[in-house]
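J.: Sharing a structure below in structure tokens format, with a few things to ask.
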Amino acid sequence: MVGTPVLFIVIPLLAAFIIPLTGMVWKNSVRIIPGIVLSYMLILSISLLWHITETGTVIEVIAGWKPPIGINLVFSPFSGFFATLMIFLGLLVWVYSYKFKRNIDSEPALKYFILLMLLVTGSVGIVLTGDIFNMFVFIEIVGISGYGLTSFYTRRDSAEAAFKYLFMGSIASTFLLLAIMIVYSQLGTLNIAEIADKMPMMSNKLKVISLIFFMLAIGVEAEMFPLNGWAPDVYTQAPGPIGAAFAGIVAKAATYATIRVMFTMYDLSGAMDFLIVMGILTFIVAETTALRQDRLKRMLAYSSIGQMGLVMVAFGIGTKEGIFAALFLIFNHAIIKGLLFFSGSYLVYTKKEKHISDVNGMGKYLPITSVLFTIGAFAIIGLPPFSGFWGKLAILTAAADSKMVALIAIILSVSVLEAVYYLRVVNRIYFFPKKESMETQKPTINALIAMISLGIIILVIGFYPDLITGFIDRAAADLMDKTGYIKDILTINN
Amino acid sequence: MEKYLEILNYAIYGAAILLLLIGLYGALTKKSLIKIVLGLSIMDSGVHLLMISIGYLKNGTAPIFSPGHENELAKMVDPVPQALVLTAIVIGFGVTAVALALVIRLYKHHNTLRIDEIKNLKW
Amino acid sequence: MDIINIILLVFLAGALLTAFAGKVSSIVQDTLFLITIIVPAILFFLNININSETVISLSKIQLTFGLTPLSLFFAFIVFGLAILAGFYAVGQMQGKKRKGYLYFNFLLSIAAMFGILVSKDLVSFFIFWEIMTWSSYLLVIYNGKNVQQIGIKYFVMSAIGAYAMLMAIVIVHSLTGSFLISDMIDGFADMSAGMKLLIPILLLTGFGVKAALMPLHIWAPDAYSNAPMSYTSVFSGALSKMGIYGMVIVFMTLITKLPQESLIRDIIAWLGAITAAISTLWAIKQDDAKRLLAYSSIGQLGYIVVGVAIGTPLAMLAGLFLAFMHGVFKSTLFMVVGAVEKQTGTSNLKEVTGLIRKMPWTFLAALISIIALAGIPPLGGFVGKWMLYESLITSNHYLLVTLVFFSSTAAFLYCYKFLFGFFLGQEEKEWAHVKEAPAIMVVPMLILSAISVVLGTFPQLILKPINSALAFYGMPDTYNNLWKESMIFNKWGDQVALTPIVYGIAIVFVIFAVFLFFKNRKTSRYVTTKDISTSGEVPKEYENLTFKENFFQPFLRAVEPAMRRQMDKYMLAFAKGLEDLFDFTRRIYNGNGQTYAIYALLFVILLLLLSNNLFS
């Protein structure tokens, strides 16, 4: 064990304050320090993930206040899986965008890496915290750094996207506070474990109302169907790698929050079915909308939303197989969508409008990027032998085991649409003549490293999924063990 | 007087919710970006008021353990919502600042403050 | 490490190496490509072991590999065609672009077909099925022509089939708790009536797509005619047989346990027969040789489906024999078209004429294969068709046999059109420069033609493996050798025997040929087509004496009502309608931030109103 979970929060926050100061002395430190911090966090989380396979969940009690009074951080197989995945992707985003802005002296570049680091920190915080109000704070950290990153480019319509995100985010945070207050006024505690423990004491009506408010608040970040209008705009207007960060980090954290609230905190019987309905709605609407997009990143964004809907469905199935499938889908989505955003933004790098038709004929000029995009597209469609297939198989198996035949049919028929729009892009890359007067931008070496490592992971997991199924299995078991979670936290004595 | 205060207790909740609804109304119906940001702020204030009123205790004292007041535990107001509100206010302040900054950017870019005219990103 | 794993690894490594070897040298690439096909084939045929089983254990799933007699039979088709088409491909790809791309996907799809055949569990079956789908998809769009239409159509149909299959697979898993095919077969009897019906239908949908069965066939004409011919010969010859392979298993193991057995059998058989009839008509109409053969392939697959669906021992035998024969002669014909196209630059039957003297070996291969296709004795196609008719008649499917007979007869028309268009007719100056295709392309065709001839005389060579394959799945083995049920194989003693007939015909042919040769040896001379006089008039050089415009127009006019409705158009209109619908529904994201906030509010209000129903 290299450290304790609290370092996930402390180190990056500390670094975020120090970086502007060191930046005055040594310009490049603005870029380098976030990378070092993220690498440290990755090492820490991997070692912790390894550590907990032997000792069980690590619970960090902050400032000596034991739960339920003090804030606690929980590094369990479940939250640890999320945290590791998100930090890994955050590090890759950093690697990818290391030279993204050449002129480091310019003002926004200074903030890019700090904001990225804060985005990761906030998301990790959401995942690790055992306190519902603390979760609110971290959601706001993610939100504010997200607004900043979205409006990073001044020349595009990025302010518009950021404002929409902020608008929805503010309403969400208001309702989140309301929900938290309802719960607090009834149960007198903010600790998730204790809330879960005392939940039967709450009146049914208030339970439902607060759950709905939670759903609204977290659903905005988790890109649930009627609340996701901001998401495609943000994915489109944010810098390319940040799209990957939103898909792979923020959406994951929000999904985690959804599950913690729906599954651990509340004991309402309809909640899981509700999650299935919302998930499938999100999936259908997003995938059908993606079909006729003419901007590449927008298409990727809708596809990402759809995938998150699928994850919700998998969680909603609620059995251990379902949660296993959901976690596998989350893993797949993080790496595959990351690769697609990474390579996709180079395919349309030089074009202002970033139409899908701008990728025409790129296969010849950007061969490696194109192959990687193709691998990503095949993987997200769920074709073997890429990793996406195992996730799809897992969710379908889970649905079949729960006797949800109609659900299988819906998922599969919508998947056909997914195949259509991805293959249309791939066809364009290889078989359409390149547009005239179209210069290309070769990916930088660090971007190539990020993309190729994702591509290799996709292939390796595709051929040998057992590399991660062990972790996912433990994580799923951990989530299923609700009473264990409550007991672990409430009886801690250090 | 007692009765009157009893009603006042609930009136605080009522006022908080009224603020919330006013803010929501403003944010959802007004077309001006500035007014929307104002609406969001008012909504926030409503929630903050609600949080404070949850912790409120009639004739309560400040939640400070000082010599001679050890037995007044039951009379102390709940300190947690106050702490939360402080945090929430700070966050709300930050978000409002970002929002206003974005509004300035939007105005420069689109030359308008009407939200229904800023629709370059759609479908 | 089992031999099957090694073979799969060789394929994979070879495919990757071949894809990038083009950077080193073209010859190295060609050699690697051929090695990657031949080595696994040798490894496989030296180590055939029906009873062995290999398990690759993943944490949740056991991928099980092994051989059955049925898959062994299909492996003959796959490897045989792969080797010959591989050599052919090397010849055809000389000096062409995207060689590495073709080789890579070619090898992958061969590997995938092999994988399908050795899969004993449904997951690995599906994995290889999908690999086969996308590698063949990448070859269908190989020439870049109209990829968004043709490619997507192929992929969507394949995906529909594959996903139907996947649905069946996960349902089977939920019911039996196992992915093994044998467990599916064993557990099938205990399933509920609804599932018993659903699972075979889903599986048949999946296999029907690859076998180009009637409503699912719309991808086939475009896909077959657009892939490079070296691959199409495998595509039509072997890949489509994977659908047949699956159908055979479903019909022999699942359908037999159904109460509605005869109904399903009749429906599929009729679909097969209708497919055969309609696509034969379409084949007659085509002017492009590739499309003609593509439709012809669909039609031939229709016969095979009829045989498999009827499912009496003789029909099954006929179906599988036809499957093998179709693999042999249809891939030869596709190779012929490829060779002609390579030498002349076009495959249009109206443009290319009179190649008989320029490409004599290609003509020979085409002639033999066409005879086999038409089902004229003594070539292999005859045996298969005879057995099919006989089985249909003995199982009282008189209407069906009429339809099959009609399409089989109508097939003569396109057979003639094909042969005439390319090779006969007047020699034109435009094609004076055309030479015979390179030997590496011609030899595979001739080998395949030789197989056609041999199998016409000695069908037992193939009927024996089919027999043991069927016996493996429990076909009633009443006569020791199932094929003895057919008249031409002496069911009732020795009245009608195949071999004497064949020898008789061959002797007549040889005597006639010798007679002609000696009679005309002295006096014969080459003449051009214009070296004639009709009614005393000598035709001018520019006059067109061939009748390739509007070939068979009266016939086509007569059958036109049957061809007026095209499944293709309906499906495309449906797809277009869906796209427009989705284009409309995506307008809910209208770009106004406030609207999104209102959605959020409506979401909350709606949930609050419905909360009593949603949560309890």
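Each chain of the structure tokens is named A, B, ... in the order shown, its residues numbered from 1; ligands are numbered from 1 in display order.
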Output as a ChimeraX atom specification all residues of region 20-156 of chain A that backbone DSSP marks as strand (DSSP E).
T.: /A:58-61,72-75
J.: So that I can check the surroundings of region 15-32 of chain B, please list as a VMD selection string every protein, DNA and RNA residue that reaches within 6 Å of it, counting only C-alpha atoms and ignoring chain neighbours fewer than 6 positions away.
T.: (chain B and resid 39 to 40 42 to 43 46 49 to 50 113 to 115) or (chain C and resid 594)
J.: List the spatial neighbours of Asp183 (chain C) as a list in words - criterion: any atom at most 9 Å away, only C-alpha atoms, same-chain residues fewer than 6 positions off excluded.
T.: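 Once the nearby chain positions are removed, what remains is Asp121, Thr176 and Gly177 of chain C.
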J.: Write the residues of the preceding selection, restricted to C-alpha atoms, as a PDB file, in the first residue's frame.
T.:
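Generated file (out-v7.pdb):
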ATOM      1  CA  ASP C 121     -20.312 -24.175 -27.944  1.00  0.00           C
ATOM      2  CA  THR C 176     -30.057 -24.756 -19.834  1.00  0.00           C
ATOM      3  CA  GLY C 177     -27.286 -22.967 -17.975  1.00  0.00           C
TER       4      GLY C 177
END
J.: Pick out each residue of region 63-105 of chain B that DSSP on the backbone tags as helix (DSSP H, G or I); I need them as an NGL selection string.
T.: :B and (73-75 or 79-105)
J.: Check which residues of region 351-379 of chain C sit at most 12 Å from region 327-330 of chain C using only C-alpha atoms, and return one row each with the closest pair of atoms and their distance in Å to one decimal, ordered by chain and rising number, as JSON lines.
T.:
{"residue": "C:Ala365", "atom": "CA", "partner": "C:Phe329", "partner_atom": "CA", "distance": 9.0}
{"residue": "C:Ala366", "atom": "CA", "partner": "C:Phe329", "partner_atom": "CA", "distance": 8.7}
{"residue": "C:Leu367", "atom": "CA", "partner": "C:Phe329", "partner_atom": "CA", "distance": 10.2}
{"residue": "C:Ile368", "atom": "CA", "partner": "C:Phe329", "partner_atom": "CA", "distance": 8.3}
{"residue": "C:Ser369", "atom": "CA", "partner": "C:Phe329", "partner_atom": "CA", "distance": 4.9}
{"residue": "C:Ile370", "atom": "CA", "partner": "C:Phe329", "partner_atom": "CA", "distance": 7.5}
{"residue": "C:Ile371", "atom": "CA", "partner": "C:Phe329", "partner_atom": "CA", "distance": 9.1}
{"residue": "C:Ala372", "atom": "CA", "partner": "C:Phe329", "partner_atom": "CA", "distance": 6.7}
{"residue": "C:Leu373", "atom": "CA", "partner": "C:Phe329", "partner_atom": "CA", "distance": 6.6}
{"residue": "C:Ala374", "atom": "CA", "partner": "C:Phe329", "partner_atom": "CA", "distance": 10.3}
{"residue": "C:Gly375", "atom": "CA", "partner": "C:Phe329", "partner_atom": "CA", "distance": 10.9}
{"residue": "C:Leu379", "atom": "CA", "partner": "C:Phe329", "partner_atom": "CA", "distance": 10.2}
J.: Selected residues, C-alpha atoms, written as a PDB file, in the first residue's frame, please.
T.:
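out_4.pdb written:
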ATOM      1  CA  ALA C 365     -13.540 -24.627 -67.081  1.00  0.00           C
ATOM      2  CA  ALA C 366     -16.611 -22.493 -67.706  1.00  0.00           C
ATOM      3  CA  LEU C 367     -18.151 -25.130 -69.975  1.00  0.00           C
ATOM      4  CA  ILE C 368     -17.718 -27.970 -67.530  1.00  0.00           C
ATOM      5  CA  SER C 369     -18.993 -25.921 -64.618  1.00  0.00           C
ATOM      6  CA  ILE C 370     -21.979 -24.695 -66.563  1.00  0.00           C
ATOM      7  CA  ILE C 371     -22.857 -28.252 -67.450  1.00  0.00           C
ATOM      8  CA  ALA C 372     -22.538 -29.208 -63.825  1.00  0.00           C
ATOM      9  CA  LEU C 373     -24.673 -26.240 -62.807  1.00  0.00           C
ATOM     10  CA  ALA C 374     -27.369 -27.065 -65.296  1.00  0.00           C
ATOM     11  CA  GLY C 375     -27.486 -30.587 -63.942  1.00  0.00           C
ATOM     12  CA  LEU C 379     -21.428 -34.191 -64.187  1.00  0.00           C
TER      13      LEU C 379
END
J.: Counting only C-alpha atoms, which of A:Phe163, A:Tyr40, A:Phe328, A:Phe8 gets nearest to Leu106 (chain B)?
T.: A:Phe163
J.: For chain B, work out the contacting residues on chain A at 8 Å, counting only C-alpha atoms, and write them as a list in words.
T.: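 Here is what falls inside 8 Å: Phe133, Val137, Glu140, Ile144, Tyr147, Asp157, Ala159, Glu160, Ala161, Ala162, Phe163, Leu166, Phe167, Ser170, Ile171, Thr174, Leu177, Leu178, Met181, Ser185, Asp233, Thr289 and Gln293 of chain A.
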J.: Let's have the selection written as a short mmCIF file (atom, residue, chain, number, x, y, z; two decimals), in the first residue's frame, with C-alpha atoms.
T.:
data_model
loop_
_atom_site.label_atom_id
_atom_site.label_comp_id
_atom_site.auth_asym_id
_atom_site.auth_seq_id
_atom_site.Cartn_x
_atom_site.Cartn_y
_atom_site.Cartn_z
CA PHE A 133 -23.16 16.05 1.08
CA VAL A 137 -19.44 19.09 -3.22
CA GLU A 140 -19.93 20.70 -8.05
CA ILE A 144 -17.25 23.82 -12.42
CA TYR A 147 -17.80 24.26 -17.44
CA ASP A 157 -19.71 27.88 -29.86
CA ALA A 159 -19.70 29.17 -24.44
CA GLU A 160 -23.14 28.14 -25.60
CA ALA A 161 -22.48 24.52 -24.73
CA ALA A 162 -20.96 25.46 -21.40
CA PHE A 163 -23.92 27.64 -20.54
CA LEU A 166 -24.23 25.10 -16.38
CA PHE A 167 -27.94 25.75 -16.61
CA SER A 170 -27.38 24.42 -11.48
CA ILE A 171 -30.89 23.09 -11.52
CA THR A 174 -30.45 22.75 -6.42
CA LEU A 177 -29.48 19.91 -2.14
CA LEU A 178 -33.22 19.63 -1.71
CA MET A 181 -32.07 18.14 3.00
CA SER A 185 -34.37 16.30 8.06
CA ASP A 233 -23.21 20.11 -27.14
CA THR A 289 -30.60 10.44 -32.79
CA GLN A 293 -25.88 13.27 -37.27
#
J.: Work out how far apart CA of Leu122 (chain C) and CA of Ile181 (chain C) are and give it in Å to one decimal.
T.: 6.0 Å
J.: I'd like the contact shell of Thr61 (chain B) - 8 Å cut-off, only C-alpha atoms, skipping same-chain residues fewer than 6 positions apart - returned as a list in words.
T.: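 In the requested format, the answer is Lys75, Met76 and Val77 of chain B.
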J.: Residues of the last selection are to be written out with C-alpha atoms, as a PDB file, in the first residue's frame.
T.:
ATOM      1  CA  LYS B  75     -31.617  23.472  23.066  1.00  0.00           C
ATOM      2  CA  MET B  76     -28.781  23.856  20.607  1.00  0.00           C
ATOM      3  CA  VAL B  77     -29.731  24.336  16.960  1.00  0.00           C
TER       4      VAL B  77
END
J.: I need the chain C residues near chain B as an MDAnalysis selection string; criterion: at most 7 Å, counting only C-alpha atoms.
T.: chainID C and resid 586:587 589:592 594 597:598
J.: Output N, CA and C atoms for every residue in the selection just made, as an mmCIF file, in the first residue's frame.
T.:
data_model
loop_
_atom_site.group_PDB
_atom_site.id
_atom_site.type_symbol
_atom_site.label_atom_id
_atom_site.label_comp_id
_atom_site.auth_asym_id
_atom_site.auth_seq_id
_atom_site.Cartn_x
_atom_site.Cartn_y
_atom_site.Cartn_z
ATOM 1 N N ARG C 586 -35.263 13.298 -33.552
ATOM 2 C CA ARG C 586 -34.110 13.915 -32.908
ATOM 3 C C ARG C 586 -34.311 15.413 -32.718
ATOM 4 N N ARG C 587 -35.400 15.942 -33.262
ATOM 5 C CA ARG C 587 -35.651 17.360 -33.068
ATOM 6 C C ARG C 587 -36.051 17.705 -31.643
ATOM 7 N N TYR C 589 -34.136 17.532 -29.343
ATOM 8 C CA TYR C 589 -32.955 18.282 -28.889
ATOM 9 C C TYR C 589 -32.883 19.572 -29.688
ATOM 10 N N ASN C 590 -33.722 20.545 -29.330
ATOM 11 C CA ASN C 590 -33.894 21.677 -30.224
ATOM 12 C C ASN C 590 -32.855 22.764 -30.032
ATOM 13 N N GLY C 591 -31.896 22.574 -29.164
ATOM 14 C CA GLY C 591 -30.809 23.533 -29.061
ATOM 15 C C GLY C 591 -31.035 24.632 -28.052
ATOM 16 N N ASN C 592 -32.239 24.734 -27.552
ATOM 17 C CA ASN C 592 -32.517 25.786 -26.582
ATOM 18 C C ASN C 592 -32.305 25.250 -25.167
ATOM 19 N N GLN C 594 -33.122 26.355 -22.405
ATOM 20 C CA GLN C 594 -34.286 26.459 -21.541
ATOM 21 C C GLN C 594 -35.240 25.285 -21.732
ATOM 22 N N ALA C 597 -34.183 22.478 -19.746
ATOM 23 C CA ALA C 597 -34.536 22.642 -18.338
ATOM 24 C C ALA C 597 -36.007 22.320 -18.118
ATOM 25 N N ILE C 598 -36.831 22.714 -19.097
ATOM 26 C CA ILE C 598 -38.260 22.400 -18.961
ATOM 27 C C ILE C 598 -38.471 20.892 -19.011
#
J.: Quick check: residues of chain C within 8 Å of chain A, only C-alpha atoms, returned as an mmCIF file with N, CA and C atoms, in the first residue's frame.
T.:
data_model
loop_
_atom_site.group_PDB
_atom_site.id
_atom_site.type_symbol
_atom_site.label_atom_id
_atom_site.label_comp_id
_atom_site.auth_asym_id
_atom_site.auth_seq_id
_atom_site.Cartn_x
_atom_site.Cartn_y
_atom_site.Cartn_z
ATOM 1 N N LEU C 58 -12.450 -19.477 -20.068
ATOM 2 C CA LEU C 58 -12.469 -18.127 -19.520
ATOM 3 C C LEU C 58 -13.280 -18.215 -18.232
ATOM 4 N N SER C 59 -13.234 -17.158 -17.444
ATOM 5 C CA SER C 59 -13.803 -17.307 -16.114
ATOM 6 C C SER C 59 -15.284 -17.664 -16.164
ATOM 7 N N ILE C 127 -18.818 -16.001 -31.963
ATOM 8 C CA ILE C 127 -17.628 -15.158 -32.152
ATOM 9 C C ILE C 127 -17.100 -15.325 -33.569
ATOM 10 N N PHE C 128 -16.929 -16.583 -33.973
ATOM 11 C CA PHE C 128 -16.388 -16.797 -35.313
ATOM 12 C C PHE C 128 -17.381 -16.371 -36.385
ATOM 13 N N GLU C 130 -19.329 -13.831 -36.216
ATOM 14 C CA GLU C 130 -19.212 -12.379 -36.365
ATOM 15 C C GLU C 130 -17.906 -11.992 -37.047
ATOM 16 N N ILE C 131 -16.834 -12.716 -36.718
ATOM 17 C CA ILE C 131 -15.570 -12.401 -37.398
ATOM 18 C C ILE C 131 -15.732 -12.651 -38.886
ATOM 19 N N TRP C 134 -17.702 -9.665 -40.355
ATOM 20 C CA TRP C 134 -17.060 -8.380 -40.627
ATOM 21 C C TRP C 134 -15.897 -8.509 -41.587
ATOM 22 N N GLY C 144 -14.852 -0.287 -53.229
ATOM 23 C CA GLY C 144 -15.228 1.081 -52.934
ATOM 24 C C GLY C 144 -16.399 1.614 -53.720
ATOM 25 N N VAL C 147 -20.331 2.015 -51.457
ATOM 26 C CA VAL C 147 -20.191 1.252 -50.217
ATOM 27 C C VAL C 147 -21.303 1.539 -49.218
ATOM 28 N N GLN C 148 -21.785 2.783 -49.199
ATOM 29 C CA GLN C 148 -22.787 3.096 -48.179
ATOM 30 C C GLN C 148 -24.071 2.318 -48.427
ATOM 31 N N ILE C 152 -23.480 -1.402 -46.319
ATOM 32 C CA ILE C 152 -24.345 -1.293 -45.147
ATOM 33 C C ILE C 152 -25.493 -2.290 -45.242
ATOM 34 N N PHE C 155 -24.165 -5.538 -44.207
ATOM 35 C CA PHE C 155 -23.883 -5.632 -42.775
ATOM 36 C C PHE C 155 -25.165 -5.644 -41.958
ATOM 37 N N VAL C 156 -26.129 -4.820 -42.361
ATOM 38 C CA VAL C 156 -27.367 -4.773 -41.582
ATOM 39 C C VAL C 156 -28.073 -6.123 -41.630
ATOM 40 N N ALA C 159 -26.198 -8.417 -39.528
ATOM 41 C CA ALA C 159 -26.354 -8.115 -38.109
ATOM 42 C C ALA C 159 -27.713 -8.588 -37.621
ATOM 43 N N ILE C 160 -28.737 -8.406 -38.448
ATOM 44 C CA ILE C 160 -30.059 -8.881 -38.028
ATOM 45 C C ILE C 160 -30.003 -10.384 -37.775
ATOM 46 N N TYR C 163 -27.777 -11.161 -34.700
ATOM 47 C CA TYR C 163 -28.368 -10.792 -33.423
ATOM 48 C C TYR C 163 -29.540 -11.696 -33.087
ATOM 49 N N MET C 167 -29.611 -13.724 -29.695
ATOM 50 C CA MET C 167 -30.756 -13.761 -28.783
ATOM 51 C C MET C 167 -31.085 -15.210 -28.430
ATOM 52 N N VAL C 170 -28.434 -16.550 -25.917
ATOM 53 C CA VAL C 170 -28.540 -16.192 -24.500
ATOM 54 C C VAL C 170 -29.791 -16.806 -23.880
ATOM 55 N N ILE C 171 -30.852 -16.951 -24.676
ATOM 56 C CA ILE C 171 -32.047 -17.583 -24.103
ATOM 57 C C ILE C 171 -31.753 -19.045 -23.788
ATOM 58 N N HIS C 173 -28.943 -20.246 -23.055
ATOM 59 C CA HIS C 173 -28.088 -20.274 -21.874
ATOM 60 C C HIS C 173 -28.894 -20.089 -20.598
ATOM 61 N N SER C 174 -29.892 -19.204 -20.662
ATOM 62 C CA SER C 174 -30.674 -18.978 -19.443
ATOM 63 C C SER C 174 -31.526 -20.207 -19.120
ATOM 64 N N LEU C 175 -31.887 -20.968 -20.153
ATOM 65 C CA LEU C 175 -32.756 -22.122 -19.888
ATOM 66 C C LEU C 175 -31.966 -23.360 -19.496
ATOM 67 N N GLU C 579 -35.252 5.912 -41.032
ATOM 68 C CA GLU C 579 -34.274 6.993 -40.906
ATOM 69 C C GLU C 579 -34.961 8.343 -40.827
ATOM 70 N N PHE C 582 -36.414 8.843 -37.437
ATOM 71 C CA PHE C 582 -35.420 9.197 -36.431
ATOM 72 C C PHE C 582 -34.902 10.616 -36.668
ATOM 73 N N ASP C 583 -34.885 10.994 -37.921
ATOM 74 C CA ASP C 583 -34.478 12.360 -38.214
ATOM 75 C C ASP C 583 -35.477 13.340 -37.609
ATOM 76 N N THR C 585 -37.537 12.571 -34.898
ATOM 77 C CA THR C 585 -37.563 12.500 -33.432
ATOM 78 C C THR C 585 -36.354 13.180 -32.814
ATOM 79 N N ARG C 586 -35.263 13.298 -33.552
ATOM 80 C CA ARG C 586 -34.110 13.915 -32.908
ATOM 81 C C ARG C 586 -34.311 15.413 -32.718
ATOM 82 N N TYR C 589 -34.136 17.532 -29.343
ATOM 83 C CA TYR C 589 -32.955 18.282 -28.889
ATOM 84 C C TYR C 589 -32.883 19.572 -29.688
ATOM 85 N N GLY C 591 -31.896 22.574 -29.164
ATOM 86 C CA GLY C 591 -30.809 23.533 -29.061
ATOM 87 C C GLY C 591 -31.035 24.632 -28.052
ATOM 88 N N GLY C 593 -31.371 25.874 -24.450
ATOM 89 C CA GLY C 593 -31.057 25.388 -23.111
ATOM 90 C C GLY C 593 -32.260 25.383 -22.199
ATOM 91 N N TYR C 596 -34.437 22.328 -22.491
ATOM 92 C CA TYR C 596 -33.893 21.170 -21.772
ATOM 93 C C TYR C 596 -34.242 21.259 -20.296
ATOM 94 N N ALA C 597 -34.183 22.478 -19.746
ATOM 95 C CA ALA C 597 -34.536 22.642 -18.338
ATOM 96 C C ALA C 597 -36.007 22.320 -18.118
ATOM 97 N N TYR C 599 -37.719 20.211 -19.890
ATOM 98 C CA TYR C 599 -37.776 18.743 -19.891
ATOM 99 C C TYR C 599 -37.508 18.205 -18.491
ATOM 100 N N ALA C 600 -36.493 18.803 -17.855
ATOM 101 C CA ALA C 600 -36.127 18.318 -16.523
ATOM 102 C C ALA C 600 -37.291 18.493 -15.563
ATOM 103 N N PHE C 603 -39.951 16.066 -16.291
ATOM 104 C CA PHE C 603 -39.496 14.767 -15.806
ATOM 105 C C PHE C 603 -39.866 14.588 -14.338
ATOM 106 N N VAL C 604 -39.559 15.636 -13.545
ATOM 107 C CA VAL C 604 -39.865 15.546 -12.119
ATOM 108 C C VAL C 604 -41.367 15.467 -11.893
ATOM 109 N N LEU C 607 -42.794 12.140 -12.856
ATOM 110 C CA LEU C 607 -42.449 11.085 -11.902
ATOM 111 C C LEU C 607 -43.243 11.231 -10.622
ATOM 112 N N LEU C 608 -43.438 12.484 -10.191
ATOM 113 C CA LEU C 608 -44.209 12.671 -8.968
ATOM 114 C C LEU C 608 -45.633 12.189 -9.167
ATOM 115 N N SER C 611 -45.621 8.420 -9.233
ATOM 116 C CA SER C 611 -44.800 7.761 -8.215
ATOM 117 C C SER C 611 -45.527 6.586 -7.567
ATOM 118 N N LEU C 614 -44.982 3.706 -9.879
ATOM 119 C CA LEU C 614 -43.606 3.295 -10.129
ATOM 120 C C LEU C 614 -42.973 2.633 -8.917
ATOM 121 N N PHE C 615 -43.152 3.279 -7.772
ATOM 122 C CA PHE C 615 -42.451 2.787 -6.590
ATOM 123 C C PHE C 615 -43.465 2.322 -5.563
ATOM 124 N N SER C 616 -43.118 1.303 -4.852
ATOM 125 C CA SER C 616 -44.038 0.861 -3.821
ATOM 126 C C SER C 616 -43.252 0.460 -2.582
#
J.: For Ile195 (chain A), work out the shell of residues within 12 Å, counting only C-alpha atoms and skipping chain neighbours fewer than 3 positions away, then give it as a ChimeraX atom specification.
T.: /A:67-69,130-133,180,182-192,198-202,207,260-261,264-267,485-486,489-490
J.: May I have the residues from that selection written out with C-alpha atoms, as a compact mmCIF listing (two decimals), in the first residue's frame?
T.:
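What ended up in out21.txt:
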# COMPACT_ATOMS: atom_id res chain seq x y z
CA PRO A 67 -18.77 7.60 10.83
CA PRO A 68 -21.59 8.47 10.89
CA ILE A 69 -20.44 11.84 12.19
CA GLY A 130 -19.21 7.87 1.90
CA ASP A 131 -21.02 11.07 2.66
CA ILE A 132 -23.89 12.37 0.62
CA PHE A 133 -23.16 16.05 1.08
CA ILE A 180 -30.16 15.84 0.68
CA ILE A 182 -35.18 15.99 2.89
CA VAL A 183 -33.14 12.96 3.81
CA TYR A 184 -31.27 14.84 6.51
CA SER A 185 -34.37 16.30 8.06
CA GLN A 186 -35.91 12.86 8.32
CA LEU A 187 -32.95 10.71 9.27
CA GLY A 188 -30.58 13.23 10.78
CA THR A 189 -27.53 11.89 9.04
CA LEU A 190 -25.55 12.44 5.87
CA ASN A 191 -23.59 9.24 5.90
CA ILE A 192 -24.61 6.99 3.04
CA LYS A 198 -32.14 3.96 8.68
CA MET A 199 -34.02 4.18 5.39
CA PRO A 200 -36.96 2.04 6.57
CA MET A 201 -37.70 4.75 9.14
CA MET A 202 -38.51 7.30 6.47
CA LYS A 207 -38.72 8.60 0.25
CA ARG A 260 -25.17 4.21 -4.83
CA VAL A 261 -28.35 6.17 -4.38
CA THR A 264 -27.53 1.14 -1.67
CA MET A 265 -29.43 4.02 -0.09
CA TYR A 266 -32.99 3.36 -1.09
CA ASP A 267 -34.95 0.21 -0.60
CA TYR A 485 -21.20 -2.15 3.21
CA ILE A 486 -23.33 -0.67 5.98
CA ILE A 489 -18.66 1.59 7.76
CA LEU A 490 -20.74 1.86 10.88
J.: Choose the residue, out of A:Ala475, A:Thr319, A:Pro241, A:Ala406, that has the smallest atom-to-atom separation from Leu340 (chain A); count only C-alpha atoms.
T.: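 Of all the options, A:Pro241 lies closest to Leu340 (chain A).
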J.: So that I can check the surroundings of Ile445 (chain A), please list as a list in words every protein, DNA and RNA residue that reaches within 12 Å of it, counting only C-alpha atoms and ignoring chain neighbours fewer than 2 positions away.
T.: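 Using only C-alpha atoms, the neighbours found are Val95, Tyr96, Ser97, Tyr98, Lys99, Phe100, Ile368, Thr369, Lys442, Pro443, Ala447, Leu448, Ile449, Ala450, Met451 and Ile452 of chain A.
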